[in-house]
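Asker: Structure supplied as my_file21.txt; contents: compact mmCIF, C-alpha atoms (C1' of nucleotides).
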# COMPACT_ATOMS: atom_id res chain seq x y z
CA MET P 238 -3.10 -12.25 31.72
CA THR P 239 -3.15 -10.21 34.88
CA THR P 240 -2.12 -6.59 34.63
CA LYS P 241 -1.63 -5.45 38.18
CA LEU P 242 0.60 -2.59 39.08
CA ARG P 243 2.83 -2.98 42.11
CA ARG P 244 3.22 -0.06 44.45
CA GLU P 245 6.98 -0.37 44.64
CA ASP P 246 7.20 -0.09 40.86
CA ILE P 247 5.27 3.16 40.99
CA LEU P 248 7.27 4.53 43.89
CA ALA P 249 10.54 3.80 42.13
CA ALA P 250 9.43 5.28 38.82
CA VAL P 251 8.00 8.41 40.39
CA GLU P 252 11.00 8.98 42.60
CA ASP P 253 13.42 8.34 39.76
CA ALA P 254 11.65 11.00 37.73
CA GLY P 255 12.36 13.51 40.48
CA HIS P 256 8.89 13.77 41.99
CA ARG P 257 8.21 13.88 45.71
CA LEU P 258 6.55 11.04 47.56
CA THR P 259 3.76 12.79 49.43
CA GLY P 260 1.05 11.28 51.55
CA SER P 261 -1.63 11.87 48.95
CA ARG P 262 0.41 10.24 46.25
CA ARG P 263 1.14 7.23 48.41
CA ALA P 264 -2.56 6.85 49.11
CA ILE P 265 -3.34 6.90 45.40
CA PHE P 266 -0.56 4.46 44.57
CA GLU P 267 -1.80 2.08 47.23
CA LEU P 268 -5.26 2.16 45.74
CA LEU P 269 -3.99 1.63 42.21
CA GLU P 270 -2.00 -1.39 43.30
CA GLY P 271 -5.16 -3.46 43.52
CA MET P 272 -6.77 -2.09 40.39
CA GLU P 273 -7.36 -4.23 37.37
CA GLY P 274 -9.03 -3.30 34.11
CA GLY P 275 -10.32 0.20 33.48
CA PHE P 276 -11.44 2.63 36.15
CA SER P 277 -12.61 6.22 36.15
CA ALA P 278 -10.99 9.13 37.94
CA GLU P 279 -14.13 9.60 39.95
CA GLU P 280 -13.82 6.09 41.38
CA ILE P 281 -10.47 7.12 42.81
CA ASN P 282 -11.94 10.31 44.17
CA LEU P 283 -14.75 8.50 45.93
CA ALA P 284 -12.43 5.90 47.40
CA LEU P 285 -10.04 8.52 48.78
CA GLY P 286 -12.08 11.01 50.77
CA GLY P 287 -9.11 12.87 52.21
CA VAL P 288 -7.40 13.58 48.91
CA GLY P 289 -8.48 16.58 46.86
CA ARG P 290 -10.01 16.14 43.45
CA ALA P 291 -7.36 18.22 41.77
CA THR P 292 -4.63 16.14 43.34
CA VAL P 293 -6.16 12.94 42.05
CA TYR P 294 -6.28 14.29 38.51
CA ARG P 295 -2.78 15.73 38.82
CA THR P 296 -1.44 12.40 40.00
CA LEU P 297 -3.17 10.44 37.26
CA ARG P 298 -1.70 12.85 34.73
CA LEU P 299 1.71 12.38 36.30
CA LEU P 300 1.47 8.61 36.06
CA ILE P 301 0.41 8.82 32.44
CA LYS P 302 3.41 10.98 31.68
CA GLU P 303 5.69 8.45 33.35
CA GLY P 304 4.13 5.65 31.32
CA LEU P 305 2.52 3.85 34.25
CA LEU P 306 -1.07 4.52 33.27
CA CYS P 307 -3.01 4.82 30.03
CA LYS P 308 -6.09 6.85 29.39
CA LEU P 309 -8.76 5.44 27.12
CA PHE P 310 -11.52 7.48 25.56
CA SER P 311 -14.67 5.85 24.35
CA ASP P 312 -17.66 7.10 22.42
CA GLU P 313 -19.87 5.84 25.20
CA GLY P 314 -19.28 6.55 28.85
CA SER P 315 -16.53 8.35 30.69
CA PRO P 316 -12.81 8.05 29.99
CA LYS P 317 -11.15 5.07 31.56
CA TYR P 318 -7.71 4.85 33.09
CA THR P 319 -5.83 1.58 32.96
CA VAL P 320 -2.61 0.38 34.48
CA ALA P 321 0.22 -0.20 32.04
CA LYS P 322 2.19 -3.16 33.24
CA PHE P 323 3.79 -3.73 29.88
CA GLY P 324 5.86 -0.88 28.55
CA HIS P 325 4.05 -0.92 25.27
CA HIS P 326 0.78 -2.69 24.71
CA HIS P 327 -2.70 -2.43 23.28
CA HIS P 328 -6.17 -2.65 24.71
CA THR P 329 -9.25 -4.74 24.33
CA ILE P 330 -12.51 -3.12 25.32
CA CYS P 331 -15.65 -5.17 25.82
CA VAL P 332 -18.49 -3.47 23.98
CA SER P 333 -20.96 -5.10 26.34
CA CYS P 334 -19.56 -4.62 29.84
CA GLY P 335 -16.80 -2.10 29.19
CA LYS P 336 -14.10 -4.23 30.75
CA VAL P 337 -10.62 -3.34 29.55
CA GLY P 338 -7.90 -5.86 28.81
CA GLU P 339 -4.34 -5.54 27.70
CA PHE P 340 -2.28 -7.44 25.18
CA ARG P 341 1.00 -7.23 23.41
CA ASP P 342 1.71 -8.34 19.90
CA SER P 343 4.85 -7.91 17.91
CA SER P 344 3.04 -8.30 14.61
CA VAL P 345 1.63 -4.83 15.12
CA GLU P 346 5.12 -3.45 14.72
CA ARG P 347 5.56 -5.39 11.51
CA LEU P 348 2.27 -4.03 10.28
CA LEU P 349 3.47 -0.50 10.80
CA LYS P 350 6.48 -1.06 8.60
CA ALA P 351 4.20 -2.26 5.85
CA VAL P 352 1.80 0.63 6.25
CA SER P 353 4.42 3.31 6.47
CA ALA P 354 4.91 3.26 2.71
CA ASP P 355 1.34 4.45 2.19
CA ILE P 356 1.56 7.26 4.72
CA GLU P 357 2.84 10.72 4.01
CA GLY P 358 4.97 11.69 6.97
CA THR P 359 6.88 9.61 9.47
CA ILE P 360 5.21 7.42 12.04
CA VAL P 361 6.18 8.29 15.60
CA GLY P 362 3.62 6.29 17.55
CA HIS P 363 0.39 4.37 17.34
CA ASN P 364 -2.68 3.25 19.21
CA LEU P 365 -4.64 0.09 18.55
CA GLU P 366 -7.86 -0.77 20.31
CA LEU P 367 -9.85 -3.94 19.78
CA TYR P 368 -13.55 -3.93 20.54
CA VAL P 369 -14.57 -7.36 21.74
CA ASN P 370 -17.27 -9.36 23.42
CA CYS P 371 -15.37 -10.66 26.41
CA SER P 372 -15.57 -14.27 27.49
CA GLU P 373 -17.90 -13.44 30.38
CA CYS P 374 -20.32 -11.51 28.20
CA ILE P 375 -20.53 -14.32 25.65
CA SER P 376 -21.50 -17.01 28.13
CA MET V 1 -5.63 11.13 -0.88
CA THR V 2 -8.48 13.56 -0.52
CA THR V 3 -11.26 12.69 1.88
CA LYS V 4 -14.03 15.09 1.05
CA LEU V 5 -17.62 14.31 1.78
CA ARG V 6 -20.20 15.20 -0.85
CA ARG V 7 -23.46 16.73 0.23
CA GLU V 8 -25.57 14.43 -1.90
CA ASP V 9 -24.01 11.41 -0.22
CA ILE V 10 -25.02 12.77 3.15
CA LEU V 11 -28.50 13.72 2.02
CA ALA V 12 -29.09 10.26 0.60
CA ALA V 13 -27.77 8.45 3.63
CA VAL V 14 -29.69 10.57 6.09
CA GLU V 15 -32.93 10.35 4.16
CA ASP V 16 -32.55 6.61 3.65
CA ALA V 17 -32.20 6.22 7.38
CA GLY V 18 -35.59 7.88 7.82
CA HIS V 19 -34.44 11.26 9.11
CA ARG V 20 -35.93 14.55 7.97
CA LEU V 21 -34.05 17.01 5.85
CA THR V 22 -34.45 20.20 7.81
CA GLY V 23 -32.91 23.59 7.12
CA SER V 24 -30.45 23.29 9.97
CA ARG V 25 -29.26 19.91 8.82
CA ARG V 26 -28.85 21.12 5.26
CA ALA V 27 -26.76 24.01 6.52
CA ILE V 28 -24.51 21.67 8.46
CA PHE V 29 -24.18 19.26 5.55
CA GLU V 30 -23.24 22.11 3.23
CA LEU V 31 -20.52 23.17 5.61
CA LEU V 32 -19.19 19.64 6.03
CA GLU V 33 -18.96 19.22 2.28
CA GLY V 34 -15.92 21.44 2.17
CA MET V 35 -14.29 20.06 5.29
CA GLU V 36 -11.08 18.14 5.18
CA GLY V 37 -9.11 16.72 8.07
CA GLY V 38 -10.28 17.07 11.64
CA PHE V 39 -12.50 19.81 12.98
CA SER V 40 -14.10 20.55 16.32
CA ALA V 41 -17.81 20.84 17.04
CA GLU V 42 -17.26 24.42 18.09
CA GLU V 43 -15.90 25.32 14.67
CA ILE V 44 -19.23 24.24 13.22
CA ASN V 45 -21.08 26.23 15.84
CA LEU V 46 -19.13 29.39 15.11
CA ALA V 47 -19.53 29.04 11.36
CA LEU V 48 -23.30 28.57 11.62
CA GLY V 49 -24.69 31.40 13.70
CA GLY V 50 -28.33 30.58 13.06
CA VAL V 51 -28.13 26.96 14.16
CA GLY V 52 -28.39 26.08 17.83
CA ARG V 53 -25.55 24.43 19.66
CA ALA V 54 -27.64 21.43 20.63
CA THR V 55 -28.67 20.89 17.04
CA VAL V 56 -25.08 20.88 15.88
CA TYR V 57 -24.16 18.25 18.43
CA ARG V 58 -27.28 16.25 17.65
CA THR V 59 -26.50 16.30 13.95
CA LEU V 60 -22.88 15.30 14.45
CA ARG V 61 -24.05 12.42 16.59
CA LEU V 62 -26.52 11.44 13.89
CA LEU V 63 -23.83 11.41 11.22
CA ILE V 64 -21.56 9.32 13.40
CA LYS V 65 -24.34 6.80 13.89
CA GLU V 66 -24.88 6.64 10.13
CA GLY V 67 -21.16 6.10 9.60
CA LEU V 68 -20.51 9.38 7.80
CA LEU V 69 -18.34 10.93 10.49
CA CYS V 70 -15.78 9.71 12.98
CA LYS V 71 -14.97 11.18 16.35
CA LEU V 72 -11.36 11.18 17.48
CA PHE V 73 -10.26 11.77 21.04
CA SER V 74 -6.77 12.89 21.82
CA ASP V 75 -4.85 13.35 25.03
CA GLU V 76 -4.17 16.93 24.04
CA GLY V 77 -6.80 19.35 22.83
CA SER V 78 -10.48 18.93 22.10
CA PRO V 79 -12.13 15.98 20.34
CA LYS V 80 -11.96 16.11 16.58
CA TYR V 81 -14.59 15.07 14.09
CA THR V 82 -13.53 13.77 10.71
CA VAL V 83 -15.41 12.85 7.58
CA ALA V 84 -15.46 9.15 6.72
CA LYS V 85 -15.34 8.86 2.97
CA PHE V 86 -14.18 5.27 3.09
CA GLY V 87 -16.53 2.90 4.80
CA HIS V 88 -13.78 1.58 6.99
CA HIS V 89 -10.48 3.29 7.47
CA HIS V 90 -7.88 4.42 9.97
CA HIS V 91 -6.45 7.77 10.94
CA THR V 92 -3.12 9.49 11.03
CA ILE V 93 -2.76 12.35 13.47
CA CYS V 94 0.15 14.76 13.23
CA VAL V 95 1.63 15.18 16.69
CA SER V 96 2.93 18.59 15.70
CA CYS V 97 0.07 20.37 13.93
CA GLY V 98 -2.83 18.05 14.79
CA LYS V 99 -3.82 17.50 11.18
CA VAL V 100 -5.83 14.35 10.64
CA GLY V 101 -5.42 12.05 7.66
CA GLU V 102 -7.15 8.90 6.61
CA PHE V 103 -5.86 5.67 5.13
CA ARG V 104 -7.01 2.18 4.39
CA ASP V 105 -4.98 -0.94 4.64
CA SER V 106 -6.06 -4.51 4.25
CA SER V 107 -3.10 -5.84 6.20
CA VAL V 108 -4.77 -4.55 9.33
CA GLU V 109 -7.51 -7.09 8.83
CA ARG V 110 -4.91 -9.83 8.43
CA LEU V 111 -3.27 -8.67 11.63
CA LEU V 112 -6.52 -9.08 13.53
CA LYS V 113 -6.82 -12.69 12.50
CA ALA V 114 -3.35 -13.32 13.86
CA VAL V 115 -4.02 -11.49 17.10
CA SER V 116 -7.42 -13.03 17.75
CA ALA V 117 -5.80 -16.23 18.99
CA ASP V 118 -4.24 -14.35 21.89
CA ILE V 119 -7.45 -12.57 22.89
CA GLU V 120 -10.08 -13.95 25.18
CA GLY V 121 -13.39 -13.07 23.64
CA THR V 122 -14.40 -12.35 20.07
CA ILE V 123 -13.28 -9.28 18.18
CA VAL V 124 -16.18 -7.20 16.90
CA GLY V 125 -14.34 -4.04 15.84
CA HIS V 126 -11.13 -2.12 16.08
CA ASN V 127 -9.54 1.27 15.98
CA LEU V 128 -6.03 2.08 14.80
CA GLU V 129 -4.47 5.49 15.02
CA LEU V 130 -1.02 6.40 13.80
CA TYR V 131 0.75 9.36 15.31
CA VAL V 132 2.95 10.96 12.70
CA ASN V 133 4.97 13.97 11.81
CA CYS V 134 3.20 15.06 8.65
CA SER V 135 5.08 16.04 5.52
CA GLU V 136 4.48 19.75 6.13
CA CYS V 137 5.75 19.64 9.69
CA ILE V 138 8.94 17.83 8.69
CA SER V 139 9.99 20.32 6.07
C1' DC E 84 17.68 18.72 64.83
C1' DT E 85 16.50 23.06 62.38
C1' DA E 86 15.85 25.93 58.81
C1' DC E 87 15.24 26.57 54.08
C1' DT E 88 12.97 26.34 49.58
C1' DG E 89 10.48 24.88 46.03
C1' DA E 90 7.20 21.20 44.99
C1' DT E 91 2.64 19.82 46.33
C1' DT E 92 -1.78 20.23 48.35
C1' DG E 93 -6.87 21.20 48.93
C1' DA E 94 -10.71 24.18 48.17
C1' DG E 95 -13.18 26.29 45.08
C1' DA E 96 -13.84 28.76 40.84
C1' DC E 97 -13.55 28.01 36.23
C1' DA E 98 -13.43 25.94 31.37
C1' DC E 99 -15.04 22.98 28.03
C1' DA E 100 -17.76 19.34 25.66
C1' DG E 101 -21.83 17.55 25.48
C1' DT E 102 -26.82 16.31 27.12
C1' DA E 103 -31.67 17.03 29.01
C1' DT E 104 -35.78 19.59 28.99
C1' DC E 105 -39.52 21.56 26.81
C1' DA E 106 -42.36 24.80 24.40
C1' DT E 107 -42.37 26.14 19.64
C1' DG E 108 -41.89 25.36 14.84
C1' DA E 109 -41.06 22.69 10.52
C1' DC E 110 -41.28 18.41 7.50
C1' DA E 111 -43.69 15.38 4.77
C1' DA E 112 -47.52 12.15 4.10
C1' DC E 113 -52.18 12.26 3.20
C1' DG T 260 -54.33 22.47 3.53
C1' DT T 261 -54.40 19.43 7.74
C1' DT T 262 -52.20 16.67 10.80
C1' DG T 263 -48.98 13.88 13.48
C1' DT T 264 -44.57 13.67 14.71
C1' DC T 265 -39.93 14.71 14.37
C1' DA T 266 -36.63 18.45 14.93
C1' DT T 267 -35.27 22.91 16.74
C1' DG T 268 -33.36 26.47 19.78
C1' DA T 269 -32.83 28.50 24.26
C1' DT T 270 -31.27 27.45 28.39
C1' DA T 271 -30.07 24.87 32.33
C1' DC T 272 -27.47 21.22 33.61
C1' DT T 273 -23.85 17.34 33.98
C1' DG T 274 -19.43 15.47 33.86
C1' DT T 275 -14.51 15.68 33.32
C1' DG T 276 -10.74 18.07 33.99
C1' DT T 277 -7.82 22.51 34.79
C1' DC T 278 -6.47 27.02 37.10
C1' DT T 279 -5.53 29.80 41.07
C1' DC T 280 -3.56 30.61 45.29
C1' DA T 281 -2.58 30.63 50.06
C1' DA T 282 -1.05 27.08 53.20
C1' DT T 283 1.69 23.06 53.86
C1' DC T 284 4.96 19.43 53.20
C1' DA T 285 9.19 16.75 51.49
C1' DG T 286 13.74 16.51 50.87
C1' DT T 287 18.12 18.59 51.62
C1' DA T 288 21.83 21.37 53.43
C1' DG T 289 23.78 22.94 57.30
Once more with this new file: its structure as structure tokens, please.
Answerer:
Amino acid sequence: MTTKLRREDILAAVEDAGHRLTGSRRAIFELLEGMEGGFSAEEINLALGGVGRATVYRTLRLLIKEGLLCKLFSDEGSPKYTVAKFGHHHHTICVSCGKVGEFRDSSVERLLKAVSADIEGTIVGHNLELYVNCSECIS
Amino acid sequence: MTTKLRREDILAAVEDAGHRLTGSRRAIFELLEGMEGGFSAEEINLALGGVGRATVYRTLRLLIKEGLLCKLFSDEGSPKYTVAKFGHHHHTICVSCGKVGEFRDSSVERLLKAVSADIEGTIVGHNLELYVNCSECIS
DNA sequence: CTACTGATTGAGACACAGTATCATGACAAC
DNA sequence: GTTGTCATGATACTGTGTCTCAATCAGTAG
């Protein structure tokens, strides 16, 4: 299951949301297009010498707000950003190599209905992460 | 569903794991005993003037390793620590007031079995967070 | 094309959470 | 009590991200 993000998808989404298409943003989008799995903000910074650090973080935050990226925190290591090809999805994180995957499962939604009876309050969202040993780390 | 942590539980667990019961640790344990919901490391620091910052963080890390605390990251605000009365559980986080709750549900485990077919790799753990509007924030 | 205007930028200072270092002090086993 | 080692506290440091602000740019209206 590949989870690449196409540049034109980003451009359209960002423009539709009323944001300007600047050179720095285009450069970041172009870089993200080839990204797969999780990456850190600093990787983007290093790869794009001409773009300011603040701009990189601002743009990542923008893309998260528009639902094109996710941010994953982990107890170990730095936060990871991942592309969000599917509108709604969940993540697998390899506990050995840190690689991030993405999956979608409708039974999660069914689960929530079942759980909601035990919860005081109303559920407005959720986050499910699976910690795995990925196929490469097993072999 | 109250999720208080009793001091004697902590003392036993920490001693069993071969750690020393120092004055600073006792002070932190005593404070945690009354804690409910999520709290930040800095709250502990402020409440315990005599204990060094590093020691507070070291002790929180220790308790996480021994399974007595959980650490929750959120997109907004600082990381929250929560007591883990149940061995395994999940969290509810109020998107309005930030209050953290805890629940247990066996259907989550059933869900994982169903999902595991779609995942490449073997599942070794998971994390489920529900974002809610808590009963106080609704009313 | 030109001018306008507010969004965006880059540089650097800053904020915050947490860790590393290391000399000093405390725990607990004997 | 003595002793070995684990833990502490002060402080410096790292890493991740935000704030500030003057300068610049993108998109639009004329």
Asker: May I have the protein, DNA and RNA residues with an atom at most 9 Å from (-5.3, 18.8, 38.0), counting only C-alpha atoms (C1' of nucleotides) in the file's coordinates, returned as number ranges by chain?
Answerer: P: 290-298; T: 276-278
Asker: Select, as a ChimeraX atom specification, those residues of chain V with any atom no more than 12 Å from chain T (distances computed using all atoms listed in the file).
Answerer: /V:18-25,49-56,58-59,75-78
Asker: For chain V, which residues have at least one atom within 6 Å of chain P, if we go by all atoms listed in the file? Write them as a PyMOL selection string, please.
Answerer: chain V and resi 120-135
Asker: Could you save the residues just selected, with C-alpha atoms, as an mmCIF file, in the coordinates of the input?
Answerer:
data_model
loop_
_atom_site.group_PDB
_atom_site.id
_atom_site.type_symbol
_atom_site.label_atom_id
_atom_site.label_comp_id
_atom_site.auth_asym_id
_atom_site.auth_seq_id
_atom_site.Cartn_x
_atom_site.Cartn_y
_atom_site.Cartn_z
ATOM 1 C CA GLU V 120 -10.080 -13.950 25.180
ATOM 2 C CA GLY V 121 -13.390 -13.070 23.640
ATOM 3 C CA THR V 122 -14.400 -12.350 20.070
ATOM 4 C CA ILE V 123 -13.280 -9.280 18.180
ATOM 5 C CA VAL V 124 -16.180 -7.200 16.900
ATOM 6 C CA GLY V 125 -14.340 -4.040 15.840
ATOM 7 C CA HIS V 126 -11.130 -2.120 16.080
ATOM 8 C CA ASN V 127 -9.540 1.270 15.980
ATOM 9 C CA LEU V 128 -6.030 2.080 14.800
ATOM 10 C CA GLU V 129 -4.470 5.490 15.020
ATOM 11 C CA LEU V 130 -1.020 6.400 13.800
ATOM 12 C CA TYR V 131 0.750 9.360 15.310
ATOM 13 C CA VAL V 132 2.950 10.960 12.700
ATOM 14 C CA ASN V 133 4.970 13.970 11.810
ATOM 15 C CA CYS V 134 3.200 15.060 8.650
ATOM 16 C CA SER V 135 5.080 16.040 5.520
#
Asker: One decimal, in Å: what's the spacing between atom C1' of DT91 of chain E and atom CA of Glu270 of chain P?
Answerer: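 Rounded to one decimal, the two atoms are 21.9 Å apart.
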Asker: Name the closest residue to Ile247 of chain P among the candidates P:Leu299, P:Gly271, P:Glu279, P:Leu305; distances are taken between atoms, counting all atoms listed in the file.
Answerer: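 Nearest to Ile247 of chain P: P:Leu305.
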Asker: Once you count all atoms listed in the file, which residues of chain E turn out to be within 10 Å of chain V? Could you give them as a list of chain:residue names?
Answerer: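 Every residue of chain E that passes the 10 Å test is in E:DC99, E:DA100, E:DG101, E:DT102, E:DA109, E:DC110, E:DA111.
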Asker: Mind giving me the straight-line distance from atom CA of Ser96 of chain V to atom CA of Ser139 of chain V in Å, one decimal?
Answerer: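 Spanning atom CA of Ser96 of chain V to atom CA of Ser139 of chain V is a straight-line distance of 12.1 Å.
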Asker: Specify the axis-aligned box that encloses all atoms of segment 39-53 of chain V listed in the file after padding of 4 Å on each side, stating its centre and edge lengths in Å to one decimal as JSON.
Answerer:
{"center_x": -20.4, "center_y": 25.6, "center_z": 15.5, "size_x": 23.9, "size_y": 19.6, "size_z": 16.3}
Asker: May I ask for the distance between atom CA of Glu109 of chain V and atom CA of His90 of chain V, given in Å to one decimal place?
Answerer: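 Here the two named atoms are 11.6 Å from each other.
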Asker: Please identify all polymer residues within 6 Å of Cys307 of chain P, counting all atoms listed in the file, omitting same-chain residues fewer than 4 positions from it, and present them as an NGL selection string.
Answerer: :P and (301 or 318-319)
